[in-house]
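*Asks:* So here's final18.pdb (PDB, C-alpha atoms).
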```
ATOM      1  CA  MET A   1      88.883 144.715 142.099
ATOM      2  CA  SER A   2      87.368 148.108 141.317
ATOM      3  CA  LYS A   3      87.334 150.986 143.740
ATOM      4  CA  LYS A   4      83.597 150.676 144.220
ATOM      5  CA  GLU A   5      83.821 147.048 145.389
ATOM      6  CA  ILE A   6      86.529 147.855 147.961
ATOM      7  CA  SER A   7      84.425 150.556 149.571
ATOM      8  CA  SER A   8      81.394 148.259 149.694
ATOM      9  CA  THR A   9      83.366 145.518 151.545
ATOM     10  CA  LYS A  10      84.582 148.134 154.004
ATOM     11  CA  GLN A  11      81.043 149.279 154.521
ATOM     12  CA  THR A  12      79.786 145.764 155.447
ATOM     13  CA  LYS A  13      82.730 145.245 157.876
ATOM     14  CA  GLU A  14      81.825 148.406 159.782
ATOM     15  CA  ASP A  15      78.169 147.539 159.961
ATOM     16  CA  VAL A  16      78.503 143.849 160.812
ATOM     17  CA  ASN A  17      76.227 142.968 163.696
ATOM     18  CA  LEU A  18      78.190 141.108 166.398
ATOM     19  CA  LYS A  19      75.516 141.134 169.074
ATOM     20  CA  GLY A  20      74.829 137.391 168.758
ATOM     21  CA  THR A  21      78.568 136.647 168.817
ATOM     22  CA  LEU A  22      79.022 138.760 171.936
ATOM     23  CA  ILE A  23      76.162 136.997 173.723
ATOM     24  CA  MET A  24      77.539 133.552 172.782
ATOM     25  CA  VAL A  25      81.098 134.443 173.843
ATOM     26  CA  MET A  26      79.831 135.755 177.184
ATOM     27  CA  ILE A  27      77.655 132.668 177.767
ATOM     28  CA  LEU A  28      80.681 130.398 177.141
ATOM     29  CA  GLY A  29      82.881 132.564 179.372
ATOM     30  CA  ILE A  30      80.357 132.495 182.200
ATOM     31  CA  ILE A  31      79.938 128.688 181.854
ATOM     32  CA  ILE A  32      83.740 128.264 182.138
ATOM     33  CA  LEU A  33      83.893 130.525 185.216
ATOM     34  CA  VAL A  34      80.909 128.833 186.907
ATOM     35  CA  PHE A  35      82.474 125.377 186.364
ATOM     36  CA  TRP A  36      85.865 126.572 187.607
ATOM     37  CA  PHE A  37      84.435 127.961 190.838
ATOM     38  CA  GLY A  38      82.218 124.864 191.190
ATOM     39  CA  VAL A  39      85.243 122.553 191.027
ATOM     40  CA  TYR A  40      87.161 124.857 193.389
ATOM     41  CA  GLY A  41      84.258 124.665 195.851
ATOM     42  CA  LEU A  42      84.359 120.870 195.613
ATOM     43  CA  PHE A  43      88.118 120.956 196.320
ATOM     44  CA  LEU A  44      87.599 123.134 199.405
ATOM     45  CA  SER A  45      84.744 121.031 200.800
ATOM     46  CA  ARG A  46      86.522 117.675 200.612
TER
ATOM     47  CA  MET B   1      93.836 148.532 163.725
ATOM     48  CA  HIS B   2      90.114 148.813 163.897
ATOM     49  CA  LEU B   3      88.326 146.679 166.477
ATOM     50  CA  HIS B   4      84.602 146.391 166.812
ATOM     51  CA  LYS B   5      83.272 147.636 170.143
ATOM     52  CA  TYR B   6      82.055 144.138 171.077
ATOM     53  CA  GLU B   7      85.411 142.599 170.146
ATOM     54  CA  LYS B   8      87.044 144.912 172.695
ATOM     55  CA  VAL B   9      84.522 143.720 175.286
ATOM     56  CA  TRP B  10      85.270 139.994 174.882
ATOM     57  CA  LEU B  11      89.012 140.550 174.483
ATOM     58  CA  ALA B  12      88.979 142.402 177.814
ATOM     59  CA  PHE B  13      86.904 139.560 179.348
ATOM     60  CA  GLY B  14      89.339 136.921 178.017
ATOM     61  CA  LEU B  15      92.460 138.808 179.069
ATOM     62  CA  GLY B  16      90.901 139.531 182.464
ATOM     63  CA  SER B  17      90.201 135.805 182.985
ATOM     64  CA  LEU B  18      93.769 134.958 181.939
ATOM     65  CA  VAL B  19      95.213 137.448 184.439
ATOM     66  CA  LEU B  20      92.829 136.203 187.184
ATOM     67  CA  PHE B  21      93.804 132.544 186.706
ATOM     68  CA  LEU B  22      97.539 133.346 186.445
ATOM     69  CA  LEU B  23      97.258 135.252 189.747
ATOM     70  CA  ILE B  24      95.506 132.239 191.321
ATOM     71  CA  ILE B  25      98.289 129.893 190.089
ATOM     72  CA  GLY B  26     100.935 132.309 191.379
ATOM     73  CA  PHE B  27      99.198 132.550 194.756
ATOM     74  CA  ALA B  28      98.924 128.746 195.037
ATOM     75  CA  ALA B  29     102.519 128.111 193.950
ATOM     76  CA  PHE B  30     104.462 130.931 195.617
ATOM     77  CA  TRP B  31     102.304 131.825 198.620
ATOM     78  CA  LYS B  32     100.675 128.497 199.552
ATOM     79  CA  GLY B  33     103.642 126.367 198.417
ATOM     80  CA  THR B  34     101.651 124.007 196.193
ATOM     81  CA  HIS B  35     103.915 121.674 194.225
ATOM     82  CA  PRO B  36     103.792 118.244 192.586
ATOM     83  CA  GLN B  37     103.430 115.416 195.116
ATOM     84  CA  SER B  38     106.829 113.930 194.359
ATOM     85  CA  HIS B  39     109.040 116.879 195.097
ATOM     86  CA  ILE B  40     112.338 115.778 193.486
ATOM     87  CA  GLU B  41     113.059 113.727 196.613
ATOM     88  CA  THR B  42     114.617 110.459 195.537
ATOM     89  CA  ILE B  43     114.925 107.016 197.105
ATOM     90  CA  ASP B  44     116.437 103.716 195.961
ATOM     91  CA  PRO B  45     113.398 101.636 194.880
ATOM     92  CA  GLN B  46     115.399  98.401 195.461
ATOM     93  CA  ASN B  47     116.057  99.406 199.050
ATOM     94  CA  VAL B  48     113.212 101.567 200.372
ATOM     95  CA  GLU B  49     113.948 100.342 203.926
ATOM     96  CA  ALA B  50     117.089 102.498 203.870
ATOM     97  CA  ASN B  51     114.743 105.452 204.398
ATOM     98  CA  GLU B  52     113.531 105.613 208.008
ATOM     99  CA  SER B  53     109.934 106.385 206.977
ATOM    100  CA  PHE B  54     109.642 103.179 204.989
ATOM    101  CA  GLN B  55     111.126 100.693 207.453
ATOM    102  CA  PRO B  56     108.585  97.914 208.109
ATOM    103  CA  GLU B  57     107.985  98.980 211.736
ATOM    104  CA  ASN B  58     107.302 102.592 210.681
ATOM    105  CA  LEU B  59     104.657 101.769 208.087
ATOM    106  CA  GLY B  60     101.047 102.684 208.745
ATOM    107  CA  LEU B  61      99.528 105.407 210.899
ATOM    108  CA  THR B  62     101.639 107.226 213.491
ATOM    109  CA  GLU B  63     100.503 110.116 215.686
ATOM    110  CA  VAL B  64     103.316 112.686 215.669
ATOM    111  CA  ALA B  65     101.574 115.476 217.626
ATOM    112  CA  ASP B  66      98.133 116.274 218.967
ATOM    113  CA  GLY B  67      95.812 115.826 215.972
ATOM    114  CA  LYS B  68      98.717 115.383 213.578
ATOM    115  CA  TYR B  69      99.387 112.049 211.932
ATOM    116  CA  VAL B  70     101.777 110.557 209.421
ATOM    117  CA  VAL B  71     100.879 107.573 207.268
ATOM    118  CA  ASN B  72     103.835 105.784 205.678
ATOM    119  CA  MET B  73     103.101 103.334 202.901
ATOM    120  CA  VAL B  74     104.937 101.270 200.328
ATOM    121  CA  ALA B  75     103.187 100.410 197.081
ATOM    122  CA  SER B  76     104.193  97.388 195.062
ATOM    123  CA  ALA B  77     102.499  95.222 192.463
ATOM    124  CA  PHE B  78      99.720  94.641 193.555
ATOM    125  CA  ASN B  79      99.497  95.747 197.142
ATOM    126  CA  TYR B  80      99.660  98.718 199.490
ATOM    127  CA  ASP B  81     101.766  97.990 202.560
ATOM    128  CA  PHE B  82     100.057  99.893 205.416
ATOM    129  CA  GLY B  83     102.056  98.024 208.069
ATOM    130  CA  LYS B  84     100.832  95.365 210.471
ATOM    131  CA  GLU B  85      98.093  95.119 213.091
ATOM    132  CA  GLN B  86      98.808  94.139 216.725
ATOM    133  CA  ASP B  87      98.054  90.503 215.863
ATOM    134  CA  GLY B  88     100.530  90.476 212.976
ATOM    135  CA  THR B  89      98.067  90.552 210.086
ATOM    136  CA  ALA B  90      98.502  93.138 207.326
ATOM    137  CA  THR B  91      96.627  96.403 207.917
ATOM    138  CA  LYS B  92      93.954  97.008 205.314
ATOM    139  CA  THR B  93      92.088  99.906 206.965
ATOM    140  CA  ILE B  94      93.645 103.122 208.226
ATOM    141  CA  ARG B  95      91.489 104.672 210.962
ATOM    142  CA  ILE B  96      91.874 108.425 211.442
ATOM    143  CA  PRO B  97      89.934 110.744 213.805
ATOM    144  CA  LYS B  98      87.913 113.454 212.094
ATOM    145  CA  GLY B  99      89.579 116.863 211.780
ATOM    146  CA  SER B 100      93.143 115.597 212.026
ATOM    147  CA  THR B 101      95.935 116.693 209.737
ATOM    148  CA  VAL B 102      97.441 113.708 207.989
ATOM    149  CA  LEU B 103     100.647 113.566 205.982
ATOM    150  CA  PHE B 104     100.503 110.654 203.541
ATOM    151  CA  GLN B 105     103.967 109.468 202.454
ATOM    152  CA  ILE B 106     104.276 106.773 199.851
ATOM    153  CA  THR B 107     106.819 105.299 197.489
ATOM    154  CA  SER B 108     106.880 102.427 195.012
ATOM    155  CA  LYS B 109     109.177  99.406 194.925
ATOM    156  CA  ASP B 110     108.561  98.539 191.289
ATOM    157  CA  VAL B 111     106.402 100.363 188.761
ATOM    158  CA  VAL B 112     104.299 103.526 188.698
ATOM    159  CA  HIS B 113     101.234 103.249 190.925
ATOM    160  CA  GLY B 114      98.508 105.630 191.969
ATOM    161  CA  PHE B 115      97.259 106.476 195.434
ATOM    162  CA  GLN B 116      93.827 108.005 195.589
ATOM    163  CA  VAL B 117      91.596 108.198 198.619
ATOM    164  CA  ALA B 118      88.378 108.420 196.607
ATOM    165  CA  GLY B 119      86.079 111.194 197.823
ATOM    166  CA  THR B 120      88.913 113.298 199.293
ATOM    167  CA  ASN B 121      91.602 115.502 197.754
ATOM    168  CA  VAL B 122      94.301 112.900 198.477
ATOM    169  CA  ASN B 123      95.446 111.806 195.040
ATOM    170  CA  MET B 124      99.031 111.099 194.076
ATOM    171  CA  MET B 125     101.116 109.413 191.452
ATOM    172  CA  VAL B 126     103.557 106.991 193.069
ATOM    173  CA  GLU B 127     106.770 106.671 191.106
ATOM    174  CA  PRO B 128     109.614 104.254 191.832
ATOM    175  CA  GLY B 129     112.639 106.241 192.984
ATOM    176  CA  HIS B 130     110.565 109.131 194.317
ATOM    177  CA  ILE B 131     108.778 109.878 197.575
ATOM    178  CA  SER B 132     105.274 111.273 197.148
ATOM    179  CA  ARG B 133     103.780 113.328 199.938
ATOM    180  CA  PHE B 134     100.373 114.869 200.438
ATOM    181  CA  GLU B 135      99.095 116.576 203.558
ATOM    182  CA  ALA B 136      95.343 116.746 204.054
ATOM    183  CA  VAL B 137      92.892 117.664 206.777
ATOM    184  CA  MET B 138      90.297 114.901 207.073
ATOM    185  CA  LYS B 139      87.192 117.084 207.367
ATOM    186  CA  ASN B 140      84.473 114.546 206.621
ATOM    187  CA  THR B 141      83.726 111.270 208.349
ATOM    188  CA  GLY B 142      83.172 108.097 206.377
ATOM    189  CA  GLU B 143      84.827 105.127 204.780
ATOM    190  CA  PHE B 144      86.911 106.059 201.785
ATOM    191  CA  THR B 145      88.265 103.524 199.358
ATOM    192  CA  VAL B 146      91.931 103.768 198.435
ATOM    193  CA  VAL B 147      92.464 102.926 194.784
ATOM    194  CA  CYS B 148      95.425 102.613 192.464
ATOM    195  CA  ASN B 149      94.555 104.896 189.582
ATOM    196  CA  GLU B 150      97.614 104.250 187.408
ATOM    197  CA  TYR B 151      97.451 101.024 185.449
ATOM    198  CA  CYS B 152     100.255  98.963 187.009
ATOM    199  CA  GLY B 153      99.768  95.475 185.570
ATOM    200  CA  ILE B 154      97.569  92.413 185.555
ATOM    201  CA  GLY B 155      96.522  92.720 189.218
ATOM    202  CA  HIS B 156      95.858  96.472 189.105
ATOM    203  CA  HIS B 157      92.207  96.058 190.103
ATOM    204  CA  LEU B 158      93.224  94.065 193.223
ATOM    205  CA  MET B 159      95.144  97.022 194.590
ATOM    206  CA  PHE B 160      92.930  98.804 197.103
ATOM    207  CA  GLY B 161      92.523  99.646 200.762
ATOM    208  CA  THR B 162      90.325 101.698 203.061
ATOM    209  CA  VAL B 163      90.691 104.932 205.003
ATOM    210  CA  GLU B 164      88.099 105.316 207.740
ATOM    211  CA  VAL B 165      87.556 108.764 209.244
ATOM    212  CA  TYR B 166      85.599 108.620 212.501
TER
END
```
Mind turning the file's structure into structure tokens?

*Replies:*
Amino acid sequence: MSKKEISSTKQTKEDVNLKGTLIMVMILGIIILVFWFGVYGLFLSR
Amino acid sequence: MHLHKYEKVWLAFGLGSLVLFLLIIGFAAFWKGTHPQSHIETIDPQNVEANESFQPENLGLTEVADGKYVVNMVASAFNYDFGKEQDGTATKTIRIPKGSTVLFQITSKDVVHGFQVAGTNVNMMVEPGHISRFEAVMKNTGEFTVVCNEYCGIGHHLMFGTVEVY
């Protein structure tokens, strides 16, 4: 691999756009938390 | 190590959730004393009557204090022994006043059974050689079906009863 190619890979890694990934991870996290507290509420009410 | 700003955000979220849930488990286990229903307390499954709680005359519902009850039961293939009614017939329905604290105690004479009062939090595995206990406050009125939720043999589906909270 030439020097030029290495620097170009580095460049793309820095600039990679993770906004969609962040949104998806947060949606999944919130779904897990909502379900957990939902089940806990069910446990308390019974 | 280089981490993207967003990676730091979701790593913090994940680690935060992990710490939160570990704290909840710690609180339940060490502060509230939550433990598995069979708490290493053993009994001879061939001779459950040797334990006072499981003598035939002590089976079923007993009021031990004001608003506090104990229900002793023996599970066997394919029946729950809830004791006997006044007229000598086998009890099939346990009637409990609403709001009372009930300690369910059950053991098995033969194989692994389940004891679930469907619609409440009372749900235990019943293992031969162990005593399973679960204390619950009966908050809601209604008729709740007791089911065996561990496959115990050919008559598994015939194993049921009723808890009535009035």

*Asks:* Provide as a VMD selection string the residues of chain B at most 12 Å from chain A, counting all atoms listed in the file.

*Replies:* chain B and resid 2 to 18 20 to 21 24 99 117 to 123 136 to 142 144

*Asks:* Apply the PyMOL selection byres ((chain B and resi 102-104) around 9) to the file shown and report the selected residues as number ranges by chain.

*Replies:* B: 67-73, 96, 100-101, 105-106, 122, 132-138

*Asks:* Just checking: using all atoms listed in the file, which residue out of B:Phe82, B:Trp31, B:Phe115, B:Tyr151 ends up closest to B:Leu61?

*Replies:*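 Of B:Phe82, B:Trp31, B:Phe115, B:Tyr151, the one nearest B:Leu61, counting all atoms listed in the file, is B:Phe82.
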
*Asks:* Let me make sure I understand: among B:Phe54, B:Phe78, B:Phe160, B:Tyr166, which one has the smallest atom-to-atom distance to B:Lys98 if we use only C-alpha atoms?

*Replies:*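 For B:Lys98, the nearest of the candidates is B:Tyr166.
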
*Asks:* Rounded to one decimal in Å, what is the spacing between atom CA of B:Thr42 and atom CA of B:Ser76?

*Replies:*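 Here the two named atoms are 16.7 Å from each other.
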
*Asks:* Nearest to B:Gly155: which of B:Gln37, B:Asn79, B:Thr107, B:Thr93 is it, counting only C-alpha atoms?

*Replies:*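 Once distances to B:Gly155 are computed over only C-alpha atoms, the minimum belongs to B:Asn79.
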
*Asks:* One decimal, in Å: what's the spacing between atom CA of B:Ala75 and atom CA of A:Tyr40?

*Replies:*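 One can read the atom CA of B:Ala75 to atom CA of A:Tyr40 distance as 29.5 Å.
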
*Asks:* To one decimal in Å, tell me the separation between atom CA of B:Val146 and atom CA of B:Gln116.

*Replies:*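 Straight-line distance from atom CA of B:Val146 to atom CA of B:Gln116 works out to 5.4 Å.
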